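K.L.:
The following file, target-v9.cif, comprises mmCIF, C-alpha atoms:
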```
data_protein
loop_
_atom_site.label_atom_id
_atom_site.label_comp_id
_atom_site.auth_asym_id
_atom_site.auth_seq_id
_atom_site.Cartn_x
_atom_site.Cartn_y
_atom_site.Cartn_z
CA LEU E 110 163.27 -150.75 -263.76
CA ARG E 111 161.74 -153.55 -265.81
CA ILE E 112 158.11 -153.24 -266.82
CA LYS E 113 156.47 -156.48 -267.90
CA ILE E 114 154.59 -154.77 -270.73
CA PRO E 115 154.96 -151.15 -271.78
CA ILE E 116 151.42 -149.82 -271.86
CA THR E 117 152.00 -146.17 -272.70
CA THR E 118 149.88 -143.47 -274.28
CA THR E 119 149.61 -139.72 -274.06
CA MET E 120 145.97 -139.79 -273.05
CA ALA E 121 145.52 -136.07 -272.66
CA ASP E 122 146.77 -135.58 -276.22
CA GLU E 123 144.49 -138.34 -277.51
CA VAL E 124 141.46 -136.73 -275.91
CA ARG E 125 142.40 -133.33 -277.26
CA LYS E 126 142.92 -134.67 -280.79
CA MET E 127 139.46 -136.22 -280.77
CA LEU E 128 138.06 -132.93 -279.52
CA ASN E 129 139.92 -131.23 -282.40
CA LYS E 130 141.04 -128.40 -280.13
CA LYS E 131 144.38 -126.74 -279.64
CA THR E 132 146.08 -127.55 -276.35
CA LYS E 133 145.87 -124.01 -275.07
CA GLU E 134 142.12 -123.95 -275.73
CA ALA E 135 141.33 -127.35 -274.25
CA LYS E 136 139.22 -127.44 -271.11
CA PRO E 137 140.04 -129.83 -268.22
CA THR E 138 139.01 -133.38 -269.04
CA PRO E 139 135.61 -134.06 -267.43
CA LEU E 140 134.92 -137.15 -265.38
CA VAL E 141 133.19 -139.97 -267.20
CA THR E 142 130.43 -141.01 -264.82
CA THR E 143 127.52 -143.40 -265.32
CA PRO E 144 126.31 -144.74 -268.68
CA GLU E 145 123.27 -142.45 -268.37
CA ASN E 146 125.45 -139.39 -267.84
CA LEU E 147 127.65 -140.36 -270.77
CA GLN E 148 124.85 -139.33 -273.07
CA ASN E 149 123.70 -136.30 -271.10
CA LYS E 150 126.83 -134.65 -269.69
CA THR E 151 130.02 -136.06 -271.16
CA PRO E 152 130.93 -135.08 -274.76
CA PHE E 153 130.73 -138.00 -277.16
CA THR E 154 134.30 -137.44 -278.34
CA ILE E 155 135.61 -137.76 -274.77
CA VAL E 156 133.75 -141.03 -274.26
CA GLU E 157 135.04 -142.44 -277.55
CA ALA E 158 138.60 -141.40 -276.72
CA TYR E 159 138.55 -143.42 -273.52
CA LYS E 160 136.93 -146.36 -275.27
CA SER E 161 139.74 -146.27 -277.82
CA ILE E 162 142.35 -146.29 -275.07
CA ARG E 163 140.50 -149.11 -273.33
CA VAL E 164 140.71 -151.26 -276.46
CA ARG E 165 144.48 -150.74 -276.63
CA LEU E 166 144.96 -151.54 -272.96
CA LEU E 167 142.83 -154.68 -273.16
CA SER E 168 144.86 -155.86 -276.12
CA ALA E 169 148.17 -155.24 -274.36
CA LEU E 170 147.03 -156.88 -271.13
CA SER E 171 145.66 -159.93 -272.94
CA GLU E 172 149.10 -160.66 -274.38
CA VAL E 173 150.43 -161.39 -270.89
CA ASN E 174 147.15 -162.44 -269.26
CA GLY E 175 147.44 -159.29 -267.15
CA LYS E 176 144.92 -157.73 -264.79
CA THR E 177 146.65 -154.74 -263.20
CA PHE E 178 148.15 -151.53 -264.50
CA VAL E 179 149.62 -148.42 -262.93
CA VAL E 180 148.70 -144.90 -264.05
CA SER E 181 151.40 -142.28 -263.54
CA SER E 182 152.83 -139.14 -265.11
CA PRO E 183 156.18 -137.36 -265.36
CA PHE E 184 155.08 -134.45 -263.19
CA ALA E 185 152.25 -133.25 -260.99
CA ALA E 186 149.12 -131.73 -262.55
CA ASP E 187 149.44 -133.77 -265.76
CA GLY E 188 145.96 -135.23 -265.22
CA LYS E 189 146.88 -138.78 -264.20
CA SER E 190 144.30 -139.12 -261.42
CA THR E 191 141.43 -137.91 -263.60
CA ASN E 192 142.52 -140.29 -266.34
CA ALA E 193 142.88 -143.16 -263.86
CA ILE E 194 139.30 -142.55 -262.72
CA ASN E 195 137.97 -142.31 -266.26
CA LEU E 196 139.77 -145.46 -267.34
CA ALA E 197 138.42 -147.38 -264.35
CA ILE E 198 134.88 -146.18 -265.07
CA THR E 199 135.24 -146.96 -268.78
CA PHE E 200 136.46 -150.47 -267.96
CA SER E 201 133.48 -150.96 -265.62
CA HIS E 202 131.11 -150.29 -268.54
CA LEU E 203 132.18 -153.70 -269.86
CA ASN E 204 130.34 -155.19 -266.85
CA LYS E 205 133.66 -156.39 -265.48
CA LYS E 206 134.55 -156.15 -261.79
CA ILE E 207 137.03 -153.26 -261.47
CA LEU E 208 139.02 -151.89 -258.53
CA LEU E 209 140.54 -148.40 -258.54
CA ILE E 210 143.30 -147.87 -255.94
CA ASP E 211 144.58 -144.44 -254.94
CA ALA E 212 148.24 -145.16 -254.20
CA ASP E 213 149.22 -141.49 -254.36
CA ASN E 214 149.29 -141.12 -250.60
CA ARG E 215 151.36 -137.96 -250.76
CA ARG E 216 148.75 -136.02 -252.78
CA ALA E 217 145.61 -138.13 -252.63
CA SER E 218 142.84 -136.75 -254.82
CA ILE E 219 140.58 -139.57 -255.99
CA HIS E 220 138.34 -139.34 -252.92
CA LYS E 221 137.95 -135.60 -253.56
CA LYS E 222 137.10 -136.03 -257.24
CA LEU E 223 134.58 -138.78 -256.48
CA LYS E 224 133.32 -137.11 -253.28
CA MET E 225 134.11 -140.12 -251.11
CA ASP E 226 135.11 -140.53 -247.49
CA ASN E 227 138.86 -141.09 -246.97
CA GLU E 228 138.97 -141.99 -243.30
CA LYS E 229 139.97 -145.57 -244.12
CA GLY E 230 141.80 -146.59 -247.26
CA CYS E 231 144.76 -148.31 -248.83
CA MET E 232 147.33 -147.33 -246.20
CA ASP E 233 145.06 -148.40 -243.34
CA VAL E 234 144.66 -151.84 -244.92
CA LEU E 235 148.43 -152.26 -245.36
CA LEU E 236 149.06 -151.10 -241.78
CA GLY E 237 146.52 -153.61 -240.47
CA GLU E 238 144.34 -150.86 -239.05
CA ALA E 239 141.35 -151.72 -241.27
CA THR E 240 140.19 -154.66 -243.34
CA PHE E 241 139.74 -154.34 -247.08
CA GLU E 242 136.00 -154.77 -246.64
CA GLU E 243 135.95 -151.84 -244.19
CA ALA E 244 137.97 -149.57 -246.47
CA VAL E 245 136.64 -150.30 -249.98
CA LYS E 246 133.84 -148.13 -251.36
CA PRO E 247 131.45 -148.92 -254.23
CA TYR E 248 131.18 -146.38 -257.06
CA ASN E 249 128.80 -148.27 -259.32
CA SER E 250 127.65 -151.85 -259.75
CA TYR E 251 131.01 -152.94 -261.21
CA LEU E 252 133.54 -150.43 -259.86
CA ASP E 253 134.95 -150.33 -256.34
CA VAL E 254 137.33 -147.67 -255.06
CA LEU E 255 140.07 -148.00 -252.45
CA THR E 256 140.98 -144.44 -251.49
CA ALA E 257 144.42 -143.53 -250.14
CA GLY E 258 143.41 -143.45 -246.48
CA SER E 259 145.65 -142.24 -243.66
CA SER E 260 148.74 -140.25 -244.52
CA VAL E 261 152.01 -142.09 -243.83
CA ALA E 262 155.65 -141.09 -243.98
CA ASN E 263 156.90 -144.15 -245.85
CA PRO E 264 154.42 -145.30 -248.53
CA SER E 265 157.14 -146.77 -250.79
CA GLU E 266 158.24 -149.10 -247.98
CA LEU E 267 154.68 -150.28 -247.49
CA PHE E 268 154.28 -150.94 -251.20
CA SER E 269 157.50 -152.96 -251.11
CA SER E 270 156.26 -155.12 -248.24
CA PRO E 271 155.08 -158.74 -248.38
CA GLU E 272 151.75 -157.51 -247.00
CA PHE E 273 151.10 -155.49 -250.14
CA ASP E 274 152.10 -158.41 -252.37
CA GLU E 275 149.67 -160.66 -250.52
CA THR E 276 146.91 -158.05 -250.65
CA LEU E 277 147.37 -157.52 -254.39
CA ALA E 278 147.38 -161.26 -255.05
CA ASN E 279 144.10 -161.66 -253.15
CA LEU E 280 142.52 -158.74 -254.97
CA LYS E 281 143.38 -160.27 -258.34
CA LYS E 282 141.18 -163.22 -257.37
CA ILE E 283 138.23 -160.88 -256.80
CA TYR E 284 138.55 -158.32 -259.59
CA ASP E 285 138.86 -158.61 -263.36
CA TYR E 286 141.05 -155.50 -263.60
CA ILE E 287 142.83 -153.29 -261.09
CA VAL E 288 143.79 -149.67 -261.84
CA ILE E 289 146.41 -148.10 -259.55
CA ASP E 290 146.89 -144.33 -259.44
CA THR E 291 150.44 -143.49 -258.33
CA PRO E 292 152.55 -140.36 -257.71
CA PRO E 293 154.51 -138.80 -260.61
CA ILE E 294 157.49 -140.93 -261.61
CA ASN E 295 159.94 -138.01 -261.60
CA LEU E 296 159.14 -136.93 -258.05
CA VAL E 297 159.12 -140.01 -255.82
CA SER E 298 159.91 -143.72 -256.10
CA ASP E 299 156.45 -145.06 -255.20
CA SER E 300 155.29 -145.44 -258.81
CA LEU E 301 158.47 -147.31 -259.77
CA VAL E 302 157.93 -149.79 -256.94
CA LEU E 303 154.29 -150.32 -257.91
CA ALA E 304 155.04 -150.59 -261.63
CA GLN E 305 157.26 -153.60 -260.93
CA LYS E 306 154.34 -155.35 -259.27
CA ALA E 307 151.77 -154.54 -261.97
CA ASP E 308 151.36 -155.93 -265.48
CA GLY E 309 151.95 -152.57 -267.15
CA ILE E 310 152.10 -148.83 -266.80
CA VAL E 311 150.19 -145.99 -268.44
CA ILE E 312 152.02 -142.67 -268.66
CA VAL E 313 149.81 -139.58 -268.84
CA ALA E 314 151.82 -136.78 -270.46
CA ASN E 315 150.72 -133.18 -270.78
CA TYR E 316 151.54 -132.36 -274.38
CA ILE E 317 152.70 -128.79 -274.99
CA PRO E 318 153.22 -128.00 -278.69
CA ARG E 319 156.39 -126.21 -279.73
CA ILE E 320 155.71 -122.56 -280.57
CA PRO E 321 157.59 -121.38 -283.67
CA PHE E 322 159.85 -118.37 -283.25
CA TYR E 323 159.63 -115.56 -285.78
CA GLY E 324 162.22 -112.87 -285.53
#
```
Spit out the file's structure as structure tokens when you get a sec.
P.N.:
Amino acid sequence: LRIKIPITTTMADEVRKMLNKKTKEAKPTPLVTTPENLQNKTPFTIVEAYKSIRVRLLSALSEVNGKTFVVSSPFAADGKSTNAINLAITFSHLNKKILLIDADNRRASIHKKLKMDNEKGCMDVLLGEATFEEAVKPYNSYLDVLTAGSSVANPSELFSSPEFDETLANLKKIYDYIVIDTPPINLVSDSLVLAQKADGIVIVANYIPRIPFYG
């Protein structure tokens, strides 16, 4: 697999370092919501951690004039979907037009986290059963969300299709940045297929410190 630019960071570790907490004591990363809620509900250190990551991603993408990046993880439950959401929201605070795509059709969760309807989504658009306009959902003034949609048996084949390439090319004309949440890279091939079509990939790793042995 060849990635055009290696955008990689252990985001969970970055957030935890800025919280100055040990991994075993860290609480689940909260969702970054609206600018108003950033001050009222989300810890300042969490907000600044995502802003720091955003700066790095913008710098890496600018080097190749890129607009799309995949968010994945080695394994399930590493926090990739929450981080994909938070990155998309943090990017939208720049008043740029952002699209968040849930391409993890096997374990779709973005619609649950954002409390959105999932009757029509990404898979329905690729299958020709819904238009993009029918499936896309606004989250805020600058962020749209394309949930996973109907469950299919062969998502990797759909992502490899000319229809997906055409859809992605059209979306790049509409949005400033596109964030794609994918399945874990060590479990299925979907994320590898999508990474080849994006401008970079973010790997969310769950850092577990080594415990010294005394004996």
K.L.:
Counting only C-alpha atoms, what is within 12 Å of Ala278 (chain E), bar same-chain residues fewer than 6 positions away, as a list in words?
P.N.:
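Result of the neighbour search: Lys176, Thr177, Pro271, Glu272, Tyr284, Ile287, Lys306 and Ala307 of chain E.
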K.L.:
Could you check the closest approach to Ile198 (chain E) for each of E:Ala169, E:Val302, E:Val288, E:Val234 and tell me which residue wins, using all atoms listed in the file?
P.N.:
E:Val288
K.L.:
State, in Å with one decimal place, the distance from CA of Lys281 (chain E) to CA of Asn195 (chain E).
P.N.:
20.4 Å
K.L.:
Please write as a list in words the full residue list that the PyMOL selection byres ((chain E and resi 244-252) around 7) yields on this file.
P.N.:
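Applying the PyMOL selection byres ((chain E and resi 244-252) around 7) to the structure shown produces Ile198, Ser201, Asn204, Lys205, Lys206, Ile207, Leu208, Lys229, Gly230, Ala239, Thr240, Phe241, Glu242, Glu243, Asp253, Val254 and Leu255 of chain E.
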K.L.:
Could you write out that same residue set with C-alpha atoms as an mmCIF file, in the frame of the given file?
P.N.:
```
data_model
loop_
_atom_site.group_PDB
_atom_site.id
_atom_site.type_symbol
_atom_site.label_atom_id
_atom_site.label_comp_id
_atom_site.auth_asym_id
_atom_site.auth_seq_id
_atom_site.Cartn_x
_atom_site.Cartn_y
_atom_site.Cartn_z
ATOM 1 C CA ILE E 198 134.880 -146.180 -265.070
ATOM 2 C CA SER E 201 133.480 -150.960 -265.620
ATOM 3 C CA ASN E 204 130.340 -155.190 -266.850
ATOM 4 C CA LYS E 205 133.660 -156.390 -265.480
ATOM 5 C CA LYS E 206 134.550 -156.150 -261.790
ATOM 6 C CA ILE E 207 137.030 -153.260 -261.470
ATOM 7 C CA LEU E 208 139.020 -151.890 -258.530
ATOM 8 C CA LYS E 229 139.970 -145.570 -244.120
ATOM 9 C CA GLY E 230 141.800 -146.590 -247.260
ATOM 10 C CA ALA E 239 141.350 -151.720 -241.270
ATOM 11 C CA THR E 240 140.190 -154.660 -243.340
ATOM 12 C CA PHE E 241 139.740 -154.340 -247.080
ATOM 13 C CA GLU E 242 136.000 -154.770 -246.640
ATOM 14 C CA GLU E 243 135.950 -151.840 -244.190
ATOM 15 C CA ASP E 253 134.950 -150.330 -256.340
ATOM 16 C CA VAL E 254 137.330 -147.670 -255.060
ATOM 17 C CA LEU E 255 140.070 -148.000 -252.450
#
```
K.L.:
Give me the result of the PyMOL selection byres ((chain E and resi 235) around 7) on this file, residue by residue, as a PyMOL selection string.
P.N.:
chain E and resi 231-234+236-237+267+272-273
K.L.:
I need the output of the PyMOL selection byres ((chain E and resi 185) around 12) for this file as a list in words; which residues are they?
P.N.:
Ser181, Ser182, Pro183, Phe184, Ala186, Asp187, Gly188, Lys189, Ser190, Asp213, Arg215, Arg216, Ala217, Ser218, Thr291, Pro292, Pro293, Ile294, Asn295, Leu296, Val297, Val313, Ala314 and Asn315 of chain E
K.L.:
Residues near Arg163 (chain E), anyone? I mean within 10 Å using only C-alpha atoms, not counting same-chain ones fewer than 3 positions away, as a ChimeraX atom specification.
P.N.:
/E:157-160,166-169,196-197,199-200
K.L.:
Work out how far apart CA of Met225 (chain E) and CA of Arg165 (chain E) are and give it in Å to one decimal.
P.N.:
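That distance, rounded to one decimal, is 29.5 Å.
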K.L.:
Could you work out an axis-aligned box for region 273-278 of chain E, taking every atom the file lists and adding 4 Å on each side, and report centre and edge lengths in Å to one decimal, as JSON?
P.N.:
```
{"center_x": 149.5, "center_y": -158.4, "center_z": -252.6, "size_x": 13.2, "size_y": 13.8, "size_z": 12.9}
```
K.L.:
Which is closer to Leu303 (chain E) than all the others in E:Thr256, E:Leu170, E:Asp211, E:Asn279, using only C-alpha atoms?
P.N.:
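Comparing E:Thr256, E:Leu170, E:Asp211, E:Asn279 against Leu303 (chain E), the winner is E:Asp211.
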K.L.:
Hey, which of E:Leu203, E:Ile210, E:Ala257, E:Leu223 ends up closest to Val180 (chain E)? Count only C-alpha atoms.
P.N.:
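For Val180 (chain E), the nearest of the given residues is E:Ile210.
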K.L.:
Could you work out how far CA of Ser298 (chain E) lies from CA of Pro264 (chain E), giving the answer in Å with one decimal?
P.N.:
9.5 Å
K.L.:
Which residue out of E:Glu228, E:Asp274, E:Asp290, E:Asp285 has the minimum interatomic distance to Ser260 (chain E) when all atoms listed in the file are used?
P.N.:
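Looking at the shortest contact to Ser260 (chain E), the residue is E:Glu228.
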K.L.:
Could you pull region 174-186 of chain E out of the structure just shown and give all heavy atoms as an mmCIF file, in the first residue's frame?
P.N.:
```cif
data_model
loop_
_atom_site.group_PDB
_atom_site.id
_atom_site.type_symbol
_atom_site.label_atom_id
_atom_site.label_comp_id
_atom_site.auth_asym_id
_atom_site.auth_seq_id
_atom_site.Cartn_x
_atom_site.Cartn_y
_atom_site.Cartn_z
ATOM 1 N N ASN E 174 -1.412 19.782 -1.596
ATOM 2 C CA ASN E 174 -2.678 20.377 -2.009
ATOM 3 C C ASN E 174 -3.818 19.385 -1.789
ATOM 4 O O ASN E 174 -4.698 19.212 -2.637
ATOM 5 C CB ASN E 174 -2.621 20.810 -3.484
ATOM 6 C CG ASN E 174 -3.739 21.766 -3.848
ATOM 7 O OD1 ASN E 174 -4.261 22.491 -2.990
ATOM 8 N ND2 ASN E 174 -4.146 21.761 -5.113
ATOM 9 N N GLY E 175 -3.795 18.703 -0.647
ATOM 10 C CA GLY E 175 -4.764 17.659 -0.353
ATOM 11 C C GLY E 175 -6.011 18.163 0.337
ATOM 12 O O GLY E 175 -6.010 19.221 0.988
ATOM 13 N N LYS E 176 -7.098 17.383 0.209
ATOM 14 C CA LYS E 176 -8.373 17.761 0.815
ATOM 15 C C LYS E 176 -9.015 16.626 1.597
ATOM 16 O O LYS E 176 -9.964 16.854 2.353
ATOM 17 C CB LYS E 176 -9.358 18.211 -0.276
ATOM 18 C CG LYS E 176 -8.861 19.319 -1.164
ATOM 19 C CD LYS E 176 -9.912 19.771 -2.150
ATOM 20 C CE LYS E 176 -10.980 20.596 -1.483
ATOM 21 N NZ LYS E 176 -11.898 21.233 -2.467
ATOM 22 N N THR E 177 -8.534 15.411 1.431
ATOM 23 C CA THR E 177 -9.189 14.265 2.062
ATOM 24 C C THR E 177 -8.200 13.460 2.899
ATOM 25 O O THR E 177 -7.044 13.300 2.514
ATOM 26 C CB THR E 177 -9.804 13.327 1.009
ATOM 27 O OG1 THR E 177 -8.765 12.752 0.216
ATOM 28 C CG2 THR E 177 -10.757 14.082 0.098
ATOM 29 N N PHE E 178 -8.672 12.973 4.038
ATOM 30 C CA PHE E 178 -7.852 12.034 4.802
ATOM 31 C C PHE E 178 -8.730 11.007 5.495
ATOM 32 O O PHE E 178 -9.872 11.270 5.866
ATOM 33 C CB PHE E 178 -6.932 12.752 5.810
ATOM 34 C CG PHE E 178 -7.620 13.561 6.863
ATOM 35 C CD1 PHE E 178 -7.989 12.989 8.074
ATOM 36 C CD2 PHE E 178 -7.873 14.920 6.665
ATOM 37 C CE1 PHE E 178 -8.598 13.733 9.063
ATOM 38 C CE2 PHE E 178 -8.479 15.677 7.651
ATOM 39 C CZ PHE E 178 -8.847 15.086 8.853
ATOM 40 N N VAL E 179 -8.172 9.820 5.612
ATOM 41 C CA VAL E 179 -8.828 8.686 6.248
ATOM 42 C C VAL E 179 -8.424 8.640 7.709
ATOM 43 O O VAL E 179 -7.288 8.949 8.057
ATOM 44 C CB VAL E 179 -8.416 7.377 5.525
ATOM 45 C CG1 VAL E 179 -8.666 6.160 6.394
ATOM 46 C CG2 VAL E 179 -9.129 7.263 4.188
ATOM 47 N N VAL E 180 -9.363 8.264 8.579
ATOM 48 C CA VAL E 180 -9.070 8.034 9.993
ATOM 49 C C VAL E 180 -9.302 6.556 10.280
ATOM 50 O O VAL E 180 -10.396 6.039 10.045
ATOM 51 C CB VAL E 180 -9.945 8.897 10.920
ATOM 52 C CG1 VAL E 180 -9.610 8.612 12.382
ATOM 53 C CG2 VAL E 180 -9.753 10.375 10.614
ATOM 54 N N SER E 181 -8.269 5.875 10.764
ATOM 55 C CA SER E 181 -8.398 4.455 11.061
ATOM 56 C C SER E 181 -7.631 4.147 12.342
ATOM 57 O O SER E 181 -7.115 5.045 13.007
ATOM 58 C CB SER E 181 -7.878 3.603 9.893
ATOM 59 O OG SER E 181 -8.170 2.235 10.096
ATOM 60 N N SER E 182 -7.570 2.867 12.672
ATOM 61 C CA SER E 182 -6.869 2.423 13.872
ATOM 62 C C SER E 182 -6.426 0.984 13.664
ATOM 63 O O SER E 182 -6.927 0.302 12.773
ATOM 64 C CB SER E 182 -7.783 2.529 15.099
ATOM 65 O OG SER E 182 -8.899 1.677 14.942
ATOM 66 N N PRO E 183 -5.492 0.505 14.474
ATOM 67 C CA PRO E 183 -5.085 -0.898 14.336
ATOM 68 C C PRO E 183 -6.203 -1.872 14.687
ATOM 69 O O PRO E 183 -6.389 -2.887 14.026
ATOM 70 C CB PRO E 183 -3.913 -1.028 15.315
ATOM 71 C CG PRO E 183 -3.413 0.359 15.507
ATOM 72 C CD PRO E 183 -4.630 1.227 15.423
ATOM 73 N N PHE E 184 -6.956 -1.554 15.733
ATOM 74 C CA PHE E 184 -7.962 -2.478 16.233
ATOM 75 C C PHE E 184 -9.246 -1.732 16.568
ATOM 76 O O PHE E 184 -9.284 -0.501 16.565
ATOM 77 C CB PHE E 184 -7.444 -3.208 17.483
ATOM 78 C CG PHE E 184 -6.142 -3.914 17.269
ATOM 79 C CD1 PHE E 184 -4.963 -3.354 17.744
ATOM 80 C CD2 PHE E 184 -6.073 -5.116 16.585
ATOM 81 C CE1 PHE E 184 -3.748 -3.988 17.545
ATOM 82 C CE2 PHE E 184 -4.875 -5.752 16.378
ATOM 83 C CZ PHE E 184 -3.698 -5.193 16.851
ATOM 84 N N ALA E 185 -10.288 -2.487 16.859
ATOM 85 C CA ALA E 185 -11.553 -1.890 17.279
ATOM 86 C C ALA E 185 -11.407 -1.278 18.673
ATOM 87 O O ALA E 185 -10.525 -1.662 19.439
ATOM 88 C CB ALA E 185 -12.648 -2.955 17.277
ATOM 89 N N ALA E 186 -12.273 -0.325 18.967
ATOM 90 C CA ALA E 186 -12.334 0.326 20.283
ATOM 91 C C ALA E 186 -11.097 1.144 20.610
ATOM 92 O O ALA E 186 -10.806 1.401 21.779
ATOM 93 C CB ALA E 186 -12.583 -0.713 21.379
#
```
